[in-house]
$ cat run.cif   # mmCIF, C-alpha atoms and all ligand atoms
data_model
loop_
_atom_site.label_atom_id
_atom_site.label_comp_id
_atom_site.auth_asym_id
_atom_site.auth_seq_id
_atom_site.Cartn_x
_atom_site.Cartn_y
_atom_site.Cartn_z
CA MET N 20 0.00 0.00 0.00
CA GLU N 21 1.18 3.54 -0.70
CA LEU N 22 2.69 5.73 1.96
CA VAL N 23 0.30 8.58 2.71
CA ASP N 24 1.84 12.02 3.11
CA ARG N 25 0.73 12.43 6.75
CA THR N 26 2.16 11.60 10.13
CA PRO N 27 1.02 8.30 11.68
CA GLN N 28 -0.99 10.31 14.23
CA GLU N 29 -2.76 12.22 11.47
CA MET N 30 -3.50 8.94 9.73
CA ALA N 31 -4.94 7.56 12.96
CA GLY N 32 -7.24 10.60 13.31
CA GLU N 33 -8.41 10.34 9.70
CA PHE N 34 -8.96 6.58 10.05
CA LEU N 35 -11.08 7.02 13.18
CA ALA N 36 -13.12 9.82 11.60
CA ASN N 37 -13.66 8.54 8.06
CA GLY N 38 -12.32 4.98 7.74
CA ALA N 39 -9.37 3.43 5.93
CA PRO N 40 -10.65 4.02 2.34
CA SER N 41 -10.38 7.76 2.96
CA LEU N 42 -6.60 7.28 3.31
CA TRP N 43 -6.22 4.41 0.85
CA PRO N 44 -9.01 4.69 -1.77
CA ASP N 45 -8.16 1.22 -3.16
CA LEU N 46 -9.37 -0.37 0.07
CA PRO N 47 -13.05 -1.31 0.07
CA HIS N 48 -15.48 -0.22 2.77
CA LEU N 49 -15.96 -3.29 4.95
CA ASP N 50 -19.68 -2.61 5.37
CA GLY N 51 -20.47 -3.23 1.74
CA MET N 52 -18.32 -6.34 1.22
CA SER N 53 -20.13 -9.44 0.04
CA PRO N 54 -19.66 -12.72 1.96
CA ASP N 55 -17.91 -14.21 -1.10
CA ARG N 56 -15.43 -11.37 -1.19
CA ILE N 57 -14.77 -11.65 2.55
CA THR N 58 -14.26 -15.41 2.22
CA ALA N 59 -11.73 -14.81 -0.56
CA LEU N 60 -9.59 -12.39 1.52
CA PRO N 61 -6.07 -13.69 2.09
CA SER N 62 -5.57 -15.25 5.52
CA LEU N 63 -2.86 -14.10 7.93
CA PRO N 64 0.62 -15.04 6.66
CA TYR N 65 1.12 -17.91 9.12
CA GLY N 66 3.78 -19.54 6.92
CA ASP N 67 5.94 -16.41 6.75
CA PRO N 68 8.97 -16.95 9.03
CA ALA N 69 8.99 -13.39 10.39
CA PHE N 70 5.23 -13.40 11.06
CA SER N 71 5.51 -16.83 12.67
CA GLY N 72 8.33 -15.58 14.94
CA ARG N 73 6.21 -12.67 16.10
CA LEU N 74 3.16 -14.92 16.54
CA LEU N 75 5.23 -17.31 18.65
CA ARG N 76 6.26 -14.41 20.88
CA GLU N 77 2.58 -13.78 21.58
CA GLN N 78 1.69 -17.48 21.86
CA THR N 79 4.33 -17.96 24.56
CA ASP N 80 3.29 -14.82 26.46
CA THR N 81 1.10 -16.29 29.19
CA THR N 82 -0.42 -12.89 30.02
CA THR N 83 -2.49 -12.79 26.82
CA THR N 84 -5.04 -15.15 25.31
CA ASP N 85 -4.95 -13.46 21.90
CA SER N 86 -3.04 -16.09 19.93
CA SER N 87 -2.97 -19.21 22.04
CA ARG N 88 -4.60 -21.04 24.92
CA PRO N 89 -2.05 -20.65 27.74
CA PRO N 90 -1.18 -23.86 29.67
CA ASP N 91 -3.50 -23.21 32.64
CA LEU N 92 -6.47 -22.68 30.33
CA VAL N 93 -5.65 -25.81 28.31
CA GLU N 94 -5.65 -27.76 31.59
CA ARG N 95 -9.00 -26.26 32.61
CA GLN N 96 -10.48 -27.02 29.22
CA LEU N 97 -9.32 -30.65 29.25
CA ALA N 98 -10.47 -31.13 32.86
CA TRP N 99 -13.89 -29.81 31.80
CA LEU N 100 -13.97 -32.26 28.89
CA ARG N 101 -12.95 -35.17 31.11
CA ALA N 102 -15.68 -34.32 33.62
CA ALA N 103 -18.25 -34.14 30.81
CA LEU N 104 -16.97 -37.28 29.08
CA PRO N 105 -15.42 -39.46 31.81
CA THR N 106 -14.72 -42.37 29.46
CA TRP N 107 -12.56 -40.26 27.11
CA ARG N 108 -8.83 -41.02 27.02
CA ALA N 109 -6.70 -39.12 24.51
CA GLY N 110 -4.74 -42.15 23.19
CA GLN N 111 -3.11 -41.35 19.87
CA VAL N 112 -3.75 -37.69 19.08
CA HIS N 113 -3.83 -35.77 15.80
CA HIS N 114 -3.85 -31.96 16.17
CA PRO N 115 -3.93 -29.73 13.07
CA LEU N 116 -3.23 -25.99 13.74
CA CYS N 117 -1.57 -27.06 16.96
CA GLY N 118 0.38 -23.95 18.02
CA PRO N 119 3.42 -24.12 20.31
CA GLY N 120 2.73 -27.47 22.02
CA ASN N 121 0.64 -26.55 25.06
CA TYR N 122 -1.86 -29.32 24.31
CA ALA N 123 0.84 -31.98 23.89
CA THR N 124 2.03 -31.21 27.43
CA ALA N 125 -1.40 -31.19 29.06
CA LEU N 126 -2.66 -34.33 27.29
CA HIS N 127 -0.10 -36.45 29.17
CA ASP N 128 -2.51 -36.30 32.11
CA HIS N 129 -5.36 -37.57 29.94
CA GLY N 130 -4.04 -40.87 28.64
CA MET N 131 -2.16 -39.58 25.60
CA THR N 132 0.05 -42.28 24.08
CA SER N 133 1.34 -40.32 21.07
CA TYR N 134 0.80 -36.94 19.46
CA VAL N 135 1.18 -35.43 15.98
CA GLY N 136 0.71 -31.67 15.66
CA ILE N 137 0.63 -29.74 12.39
CA ASP N 138 1.31 -26.03 12.16
CA ALA N 139 2.04 -23.72 9.23
CA GLY N 140 4.39 -21.50 11.24
CA PRO N 141 8.11 -22.33 10.95
CA ALA N 142 9.00 -20.56 14.22
CA VAL N 143 6.03 -22.18 16.01
CA VAL N 144 7.03 -25.68 14.87
CA ASP N 145 10.73 -25.09 15.66
CA HIS N 146 9.79 -24.02 19.16
CA ALA N 147 7.47 -27.00 19.69
CA ARG N 148 10.08 -29.46 18.39
CA ARG N 149 12.73 -28.05 20.73
CA ARG N 150 10.28 -28.26 23.60
CA PHE N 151 9.71 -32.00 23.05
CA ALA N 152 13.21 -32.92 21.85
CA GLY N 153 13.98 -36.55 22.67
CA GLN N 154 10.29 -37.54 22.99
CA ASP N 155 9.78 -39.68 19.89
CA ASP N 156 6.07 -40.09 20.57
CA VAL N 157 5.44 -36.33 20.20
CA ARG N 158 5.96 -34.99 16.68
CA PHE N 159 5.32 -31.69 14.94
CA LEU N 160 4.90 -31.36 11.18
CA LEU N 161 5.40 -28.07 9.38
CA GLY N 162 2.88 -27.21 6.68
CA ASP N 163 -0.66 -26.37 5.70
CA ALA N 164 -3.04 -28.70 7.52
CA LEU N 165 -5.15 -28.84 4.34
CA ASP N 166 -2.24 -30.34 2.37
CA PRO N 167 -3.17 -33.99 1.66
CA ALA N 168 0.55 -34.85 1.85
CA LEU N 169 0.33 -34.25 5.63
CA SER N 170 -2.63 -36.61 6.02
CA PRO N 171 -2.03 -39.43 8.43
CA PRO N 172 -2.63 -43.05 7.39
CA ASP N 173 -6.01 -44.70 7.99
CA ASN N 174 -7.02 -45.65 11.54
CA ALA N 175 -4.17 -43.48 12.71
CA TYR N 176 -5.53 -41.87 15.86
CA ASP N 177 -8.06 -41.94 18.68
CA THR N 178 -8.50 -38.20 19.24
CA LEU N 179 -8.65 -35.39 16.71
CA LEU N 180 -8.23 -31.91 18.17
CA LEU N 181 -9.29 -28.69 16.45
CA THR N 182 -8.59 -26.07 19.10
CA TYR N 183 -8.81 -22.30 19.45
CA ASP N 184 -11.05 -21.53 16.48
CA ALA N 185 -9.25 -23.94 14.10
CA ALA N 186 -12.63 -25.02 12.70
CA ASN N 187 -13.60 -21.34 12.26
CA PHE N 188 -10.60 -20.70 10.02
CA PHE N 189 -12.22 -22.53 7.11
CA ALA N 190 -15.30 -21.72 5.04
CA PRO N 191 -17.95 -24.48 5.18
CA HIS N 192 -17.06 -25.67 1.65
CA THR N 193 -13.49 -26.29 2.87
CA LEU N 194 -14.27 -27.43 6.40
CA ARG N 195 -16.66 -30.22 5.41
CA PRO N 196 -14.28 -32.18 3.14
CA PHE N 197 -11.39 -31.47 5.52
CA LEU N 198 -13.37 -32.93 8.44
CA ARG N 199 -14.51 -35.90 6.37
CA ALA N 200 -10.92 -36.72 5.38
CA LEU N 201 -9.74 -36.43 8.99
CA VAL N 202 -12.58 -38.52 10.34
CA GLU N 203 -11.86 -41.27 7.81
CA ARG N 204 -8.54 -41.68 9.59
CA LEU N 205 -10.03 -41.63 13.08
CA ARG N 206 -10.52 -45.03 14.71
CA GLY N 207 -14.08 -46.27 15.26
CA GLY N 208 -15.10 -45.06 18.74
CA GLY N 209 -12.57 -42.19 18.45
CA THR N 210 -13.29 -38.62 19.57
CA VAL N 211 -13.16 -35.27 17.81
CA VAL N 212 -12.77 -32.25 20.10
CA LEU N 213 -13.54 -28.78 18.78
CA ASP N 214 -12.87 -25.55 20.67
CA LEU N 215 -14.63 -23.03 18.51
CA ARG N 216 -16.80 -19.96 18.25
CA LEU N 217 -20.45 -20.68 17.54
CA ALA N 218 -23.04 -18.06 16.61
CA GLU N 219 -24.43 -18.63 20.13
CA ASP N 220 -21.15 -17.17 21.53
CA GLY N 221 -22.12 -13.73 20.19
CA ILE N 222 -20.04 -11.13 18.38
CA ARG N 223 -18.06 -9.60 21.24
CA GLY N 224 -14.58 -8.58 20.08
CA PHE N 225 -15.77 -7.82 16.54
CA ASP N 226 -18.39 -5.14 17.17
CA GLU N 227 -16.11 -2.43 18.50
CA GLY N 228 -15.82 -0.44 15.27
CA ARG N 229 -12.59 1.38 14.43
CA GLN N 230 -9.78 1.32 16.94
CA VAL N 231 -6.20 2.56 17.04
CA HIS N 232 -3.63 0.72 19.14
CA ARG N 233 -0.09 1.90 19.69
CA ARG N 234 2.54 -0.83 19.79
CA ARG N 235 5.85 0.61 20.91
CA HIS N 236 7.67 -2.72 21.01
CA GLY N 237 6.25 -4.56 18.05
CA SER N 238 3.23 -6.84 17.69
CA VAL N 239 2.27 -9.92 15.73
CA PHE N 240 2.00 -7.69 12.67
CA ARG N 241 5.29 -5.83 12.66
CA ASP N 242 8.52 -5.26 14.58
CA GLY N 243 9.39 -1.88 16.01
CA PRO N 244 7.06 0.94 17.05
CA HIS N 245 3.87 1.16 15.02
CA LEU N 246 0.18 1.92 15.07
CA LEU N 247 -2.48 -0.68 14.38
CA LEU N 248 -5.57 0.73 12.70
CA SER N 249 -8.10 -1.98 13.28
CA GLU N 250 -11.70 -2.36 12.24
CA GLY N 251 -13.95 -5.22 13.27
CA PHE N 252 -16.75 -6.45 11.05
CA VAL N 253 -19.79 -8.68 11.29
CA ALA N 254 -21.21 -9.95 7.99
CA ALA N 255 -23.71 -12.50 6.69
CA GLY N 256 -25.84 -12.09 9.81
CA GLY N 257 -22.93 -13.07 12.08
CA ALA N 258 -21.73 -16.08 10.04
CA LEU N 259 -18.57 -14.10 9.20
CA LEU N 260 -16.65 -12.19 11.84
CA GLY N 261 -13.35 -10.49 11.28
CA HIS N 262 -10.90 -7.66 11.51
CA ARG N 263 -9.01 -5.64 8.96
CA ILE N 264 -5.78 -4.43 10.51
CA ILE N 265 -3.45 -1.86 9.00
CA ALA N 266 0.02 -1.59 10.50
CA VAL N 267 1.62 1.84 10.11
CA GLY N 268 5.27 2.29 11.12
CA GLU N 269 6.02 4.97 13.71
CA GLY N 270 9.79 4.64 13.87
CA THR N 271 12.43 6.81 12.28
CA GLU N 272 12.24 4.73 9.10
CA PRO N 273 8.53 4.05 8.72
CA ARG N 274 7.78 1.25 6.32
CA GLU N 275 4.82 1.22 4.00
CA PRO N 276 1.51 0.42 5.66
CA GLU N 277 0.59 -3.27 5.49
CA VAL N 278 -2.92 -4.64 5.55
CA PHE N 279 -3.98 -7.92 7.20
CA HIS N 280 -7.29 -9.69 7.49
CA SER N 281 -8.43 -12.20 10.01
CA VAL N 282 -11.77 -13.86 9.27
CA LEU N 283 -13.72 -16.46 11.24
CA HIS N 284 -16.53 -18.57 9.76
CA VAL N 285 -19.05 -18.98 12.55
CA PRO N 286 -21.71 -21.71 12.36
CA THR N 287 -24.69 -22.05 14.65
CA ALA N 288 -24.68 -25.10 16.95
CA GLU N 289 -27.19 -26.71 14.60
CA GLN N 290 -25.08 -26.05 11.50
CA LEU N 291 -22.02 -27.46 13.25
CA ALA N 292 -23.96 -30.60 14.19
CA GLY N 293 -24.81 -30.91 10.45
CA HIS N 294 -21.12 -30.62 9.46
CA LEU N 295 -20.20 -33.27 12.04
CA ARG N 296 -23.01 -35.64 10.98
CA SER N 297 -21.98 -35.33 7.34
CA ALA N 298 -18.45 -36.35 8.38
CA GLY N 299 -19.86 -39.48 10.09
CA LEU N 300 -19.74 -38.16 13.66
CA GLU N 301 -22.27 -37.99 16.47
CA VAL N 302 -22.14 -35.15 19.01
CA SER N 303 -21.44 -36.42 22.55
CA VAL N 304 -20.90 -33.20 24.51
CA ILE N 305 -21.43 -29.49 23.94
CA GLY N 306 -20.83 -26.73 26.48
CA ARG N 307 -18.83 -23.68 27.49
CA PRO N 308 -15.84 -24.43 29.74
CA PHE N 309 -15.16 -20.73 30.36
CA ALA N 310 -18.75 -19.56 30.74
CA ASP N 311 -17.76 -17.51 33.79
CA SER N 312 -15.03 -15.52 31.98
CA SER N 313 -15.38 -11.99 30.59
CA ASP N 314 -12.44 -12.50 28.19
CA PRO N 315 -13.90 -12.40 24.62
CA ASN N 316 -11.21 -14.90 23.55
CA LEU N 317 -12.77 -17.46 25.88
CA ALA N 318 -16.34 -17.00 24.66
CA ARG N 319 -16.21 -20.37 22.95
CA HIS N 320 -17.89 -23.75 22.96
CA LEU N 321 -16.18 -27.06 23.46
CA VAL N 322 -17.79 -29.78 21.40
CA ALA N 323 -16.88 -33.45 21.50
CA ALA N 324 -18.17 -35.86 18.87
CA HIS N 325 -17.44 -39.51 18.35
CA ARG N 326 -17.13 -41.80 15.41
CA PRO N 327 -19.54 -44.66 16.07
CA THR N 328 -17.94 -48.08 16.24
CA PRO N 329 -19.28 -50.25 13.43
CA THR N 330 -21.37 -53.10 14.81
CA PRO N 331 -21.18 -56.56 13.25
CA HIS N 332 -24.90 -56.34 12.44
CA SER N 333 -24.82 -53.11 10.44
CA PRO N 334 -24.48 -53.58 6.69
CA PRO N 335 -21.20 -52.26 5.25
CA TRP N 336 -22.84 -49.25 3.54
CA ARG N 337 -24.15 -48.06 6.94
CA GLN N 338 -20.74 -48.25 8.62
CA SER N 339 -19.26 -44.77 8.69
C1 LIG D 1 -4.98 -19.21 17.04
S1 LIG D 1 -3.45 -20.13 16.92
C2 LIG D 1 -3.89 -21.41 18.06
C3 LIG D 1 -2.83 -22.44 18.31
C4 LIG D 1 -3.18 -23.49 19.36
N1 LIG D 1 -4.43 -24.15 19.10
C5 LIG D 1 -3.13 -22.91 20.75
O1 LIG D 1 -4.17 -22.63 21.34
O2 LIG D 1 -2.03 -22.71 21.25
C6 LIG D 1 -3.59 -20.84 15.30
C7 LIG D 1 -2.36 -21.63 14.88
O3 LIG D 1 -2.69 -22.29 13.66
C8 LIG D 1 -1.64 -22.17 12.73
N2 LIG D 1 -2.28 -22.22 11.40
C9 LIG D 1 -3.14 -21.33 10.86
N3 LIG D 1 -3.59 -21.77 9.67
C10 LIG D 1 -3.01 -22.98 9.46
C11 LIG D 1 -3.09 -23.97 8.44
N4 LIG D 1 -3.87 -23.79 7.35
N5 LIG D 1 -2.37 -25.10 8.56
C12 LIG D 1 -1.57 -25.30 9.65
N6 LIG D 1 -1.46 -24.41 10.66
C13 LIG D 1 -2.17 -23.27 10.58
C14 LIG D 1 -0.94 -20.88 13.07
O4 LIG D 1 0.43 -20.87 12.69
C15 LIG D 1 -1.12 -20.81 14.59
O5 LIG D 1 -0.02 -21.36 15.29
#

$ encode --input "run.cif" --output "structure tokens" --more "lines below"
Ligand SMILES: C[S@@+](CC[C@H](N)C(=O)[O-])C[C@H]1O[C@@H](n2cnc3c(N)ncnc32)[C@H](O)[C@@H]1O
Amino acid sequence: MELVDRTPQEMAGEFLANGAPSLWPDLPHLDGMSPDRITALPSLPYGDPAFSGRLLREQTDTTTTDSSRPPDLVERQLAWLRAALPTWRAGQVHHPLCGPGNYATALHDHGMTSYVGIDAGPAVVDHARRRFAGQDDVRFLLGDALDPALSPPDNAYDTLLLTYDAANFFAPHTLRPFLRALVERLRGGGTVVLDLRLAEDGIRGFDEGRQVHRRRHGSVFRDGPHLLLSEGFVAAGGALLGHRIIAVGEGTEPREPEVFHSVLHVPTAEQLAGHLRSAGLEVSVIGRPFADSSDPNLARHLVAAHRPTPTPHSPPWRQS
């Protein structure tokens, strides 16, 4: 994006008053964007080494819940699941979009026998691998979780985890085949655990309009001092929630503004149940482990579903 001939503070004032397109006319007004156009926006650059390094910094900062579930919250979440589903034992675990390894640590207390995490971030995977060095039963793969080359073999695991909005990262037309392919590799009787935002969780965190944040010491979006011009949006009646974030350098050598989008696809509980059924799963548990929290990052449901074990009496075409 072009550098605008104004100070960062002037840009912030103009952004708050009239929106980003008044500074950068090529940017669309978020209000008028169609759901298709929002769905087609590029996702955050998770695979970029510098972005991944900055994301890791935030994921390992236990004072924020913005980019990761810190260890104490992972423990609370898993304890909640265990109480709701006492027969569940993690066993062999598959965890796409795994983050820095907090789940691999906590699952040891829940009967985990092996773990494979997949993450697109090179710094995130490096960190996780170093953390579990020497533990051959805990592995981290680097890449896009949608890449069929990273698919595990059939009957490969007992528990599939999709945590911290992982299922919200994908539009329904991507999520459904992705889930189906993952469930095909889940053992009969195995469990899928989703920590995700449902429409019933509301729109808090996305309805705050335009905001300007000053980041003196860098953020996920950029190193060095900068401003973040951020605008939340709610589209398609709440089925799409997101932010457009523009990072504007404030240092002595300001770099060109950069624009980022983060978009979540938010199903209702009923729509999610439909996605799970079409993947051959039956919902076992649905609830809100952090119902008492005011943190918008914890306004999420935890849903467990299981793959029914085929019975000897069911004909082969009914065995999912
Ligand atoms: C919101 S973070 C949550 C991480 C983890 N669940 C946690 O709570 O610590 C999302 C993670 O997914 C990774 N990611 C995003 N899109 C991905 C994709 N398509 N394939 C693999 N990893 C992805 C990012 O690098 C990031 O580490």

$ closest_residue --input "run.cif" --among "N:Leu42, N:Leu215, N:Ser87, N:Ala255" --to "N:Asp24" --atoms "all atoms listed in the file"
N:Leu42

$ closest_residue --input "run.cif" --among "N:Pro119, N:Gly32, N:Pro167, N:Gly110" --to "N:Thr210" --atoms "all atoms listed in the file"
N:Gly110

$ residues_around --input "run.cif" --residues "N:Glu21" --least-positions-apart "6" --cutoff "12 Å" --atoms "all atoms listed in the file" --output "PDB file with C-alpha atoms, in the frame of the given file"
ATOM      1  CA  LEU N  42      -6.600   7.280   3.310  1.00  0.00           C
ATOM      2  CA  TRP N  43      -6.220   4.410   0.850  1.00  0.00           C
ATOM      3  CA  PRO N  44      -9.010   4.690  -1.770  1.00  0.00           C
ATOM      4  CA  ASP N  45      -8.160   1.220  -3.160  1.00  0.00           C
ATOM      5  CA  LEU N  46      -9.370  -0.370   0.070  1.00  0.00           C
ATOM      6  CA  VAL N 267       1.620   1.840  10.110  1.00  0.00           C
ATOM      7  CA  PRO N 273       8.530   4.050   8.720  1.00  0.00           C
ATOM      8  CA  ARG N 274       7.780   1.250   6.320  1.00  0.00           C
ATOM      9  CA  GLU N 275       4.820   1.220   4.000  1.00  0.00           C
ATOM     10  CA  PRO N 276       1.510   0.420   5.660  1.00  0.00           C
ATOM     11  CA  GLU N 277       0.590  -3.270   5.490  1.00  0.00           C
ATOM     12  CA  VAL N 278      -2.920  -4.640   5.550  1.00  0.00           C
TER      13      VAL N 278
END

$ closest_residue --input "run.cif" --among "N:Asp91, N:Asp55, N:Glu227, N:Glu219" --to "ligand LIG 1 (chain D)" --atoms "all atoms listed in the file"
N:Asp91

$ closest_residue --input "run.cif" --among "N:Ala288, N:Leu295, N:Val322, N:Leu300" --to "N:Leu194" --atoms "all atoms listed in the file"
N:Leu295

$ closest_residue --input "run.cif" --among "N:Asp311, N:Glu272, N:Asp166, N:Glu203" --to "ligand LIG 1 (chain D)" --atoms "only C-alpha atoms and all ligand atoms"
N:Asp166

$ atom_distance --input "run.cif" --atom1 "atom C12 of ligand LIG 1 (chain D)" --atom2 "atom CA of N:Gly228"
29.2 Å

$ residues_near_ligand --input "run.cif" --ligand "ligand LIG 1 (chain D)" --cutoff "7 Å" --atoms "all atoms listed in the file" --output "ChimeraX atom specification"
/N:65-66,71,78,86-89,115-121,137-140,143,162-165,182-185

$ residues_around --input "run.cif" --residues "N:His294" --least-positions-apart "2" --cutoff "10 Å" --atoms "all atoms listed in the file" --output "PyMOL selection string"
chain N and resi 191+194-196+198-199+286+288-292+296-300

$ atom_distance --input "run.cif" --atom1 "atom CA of N:Pro64" --atom2 "atom CA of N:Arg241"
11.9 Å

$ atom_distance --input "run.cif" --atom1 "atom CA of N:Ala39" --atom2 "atom CA of N:Arg235"
21.5 Å

$ closest_residue --input "run.cif" --among "N:Ala31, N:Leu161, N:Val135, N:Ala254" --to "N:Gln230" --atoms "all atoms listed in the file"
N:Ala31

$ residues_around --input "run.cif" --residues "N:Ala109" --least-positions-apart "4" --cutoff "9 Å" --atoms "only C-alpha atoms" --output "VMD selection string"
chain N and resid 126 to 127 129 to 133 177 to 179 209 to 210

$ axis_aligned_box --input "run.cif" --around "stretch 232-237 of chain N" --padding-each-side "4 Å" --output "lines of an AutoDock Vina configuration file"
center_x = 2.0
center_y = -1.3
center_z = 19.5
size_x = 19.3
size_y = 14.5
size_z = 11.0

$ residues_near_point --input "run.cif" --point "(-5.5, -14.4, 4.9)" --cutoff "8 Å" --atoms "all atoms listed in the file" --output "list of chain:residue names"
N:Leu60, N:Pro61, N:Ser62, N:Leu63, N:Pro64, N:Phe279, N:His280, N:Ser281, N:Val282

$ residues_around --input "run.cif" --residues "N:Arg216" --least-positions-apart "4" --cutoff "8 Å" --atoms "all atoms listed in the file" --output "PDB file with C-alpha atoms, in the coordinates of the input"
ATOM      1  CA  ASP N 184     -11.050 -21.530  16.480  1.00  0.00           C
ATOM      2  CA  ASN N 187     -13.600 -21.340  12.260  1.00  0.00           C
ATOM      3  CA  ASP N 220     -21.150 -17.170  21.530  1.00  0.00           C
ATOM      4  CA  VAL N 285     -19.050 -18.980  12.550  1.00  0.00           C
ATOM      5  CA  PRO N 286     -21.710 -21.710  12.360  1.00  0.00           C
ATOM      6  CA  ALA N 318     -16.340 -17.000  24.660  1.00  0.00           C
ATOM      7  CA  ARG N 319     -16.210 -20.370  22.950  1.00  0.00           C
ATOM      8  CA  HIS N 320     -17.890 -23.750  22.960  1.00  0.00           C
TER       9      HIS N 320
END

$ build_atoms --input "run.cif" --residues "stretch 70-84 of chain N" --atoms "N, CA, C and O atoms" --output "compact mmCIF listing (two decimals), keeping the file's coordinate frame"
# COMPACT_ATOMS: atom_id res chain seq x y z
N PHE N 70 6.55 -13.46 10.40
CA PHE N 70 5.23 -13.40 11.06
C PHE N 70 5.14 -14.50 12.12
O PHE N 70 4.68 -14.27 13.24
N SER N 71 5.59 -15.70 11.75
CA SER N 71 5.51 -16.83 12.67
C SER N 71 6.33 -16.56 13.94
O SER N 71 5.91 -16.91 15.05
N GLY N 72 7.50 -15.91 13.77
CA GLY N 72 8.33 -15.58 14.94
C GLY N 72 7.60 -14.61 15.86
O GLY N 72 7.62 -14.76 17.09
N ARG N 73 6.92 -13.64 15.26
CA ARG N 73 6.21 -12.67 16.10
C ARG N 73 4.98 -13.32 16.74
O ARG N 73 4.65 -13.06 17.89
N LEU N 74 4.33 -14.22 15.98
CA LEU N 74 3.16 -14.92 16.54
C LEU N 74 3.60 -15.79 17.73
O LEU N 74 2.94 -15.82 18.77
N LEU N 75 4.73 -16.46 17.56
CA LEU N 75 5.23 -17.31 18.65
C LEU N 75 5.48 -16.50 19.91
O LEU N 75 5.18 -16.95 21.02
N ARG N 76 6.01 -15.28 19.72
CA ARG N 76 6.26 -14.41 20.88
C ARG N 76 4.95 -14.21 21.64
O ARG N 76 4.91 -14.28 22.86
N GLU N 77 3.86 -13.99 20.90
CA GLU N 77 2.58 -13.78 21.58
C GLU N 77 2.01 -15.09 22.13
O GLU N 77 1.41 -15.13 23.20
N GLN N 78 2.23 -16.20 21.39
CA GLN N 78 1.69 -17.48 21.86
C GLN N 78 2.36 -17.94 23.15
O GLN N 78 1.78 -18.70 23.92
N THR N 79 3.62 -17.52 23.36
CA THR N 79 4.33 -17.96 24.56
C THR N 79 4.26 -16.91 25.67
O THR N 79 4.87 -17.08 26.72
N ASP N 80 3.51 -15.84 25.43
CA ASP N 80 3.29 -14.82 26.46
C ASP N 80 2.04 -15.24 27.23
O ASP N 80 0.92 -15.16 26.71
N THR N 81 2.24 -15.71 28.46
CA THR N 81 1.10 -16.29 29.19
C THR N 81 0.16 -15.22 29.74
O THR N 81 -0.86 -15.55 30.36
N THR N 82 0.49 -13.93 29.52
CA THR N 82 -0.42 -12.89 30.02
C THR N 82 -1.51 -12.53 29.01
O THR N 82 -2.37 -11.72 29.29
N THR N 83 -1.44 -13.11 27.80
CA THR N 83 -2.49 -12.79 26.82
C THR N 83 -3.08 -14.09 26.26
O THR N 83 -2.40 -15.11 26.15
N THR N 84 -4.37 -14.00 25.93
CA THR N 84 -5.04 -15.15 25.31
C THR N 84 -5.29 -14.89 23.83
O THR N 84 -6.06 -15.59 23.19
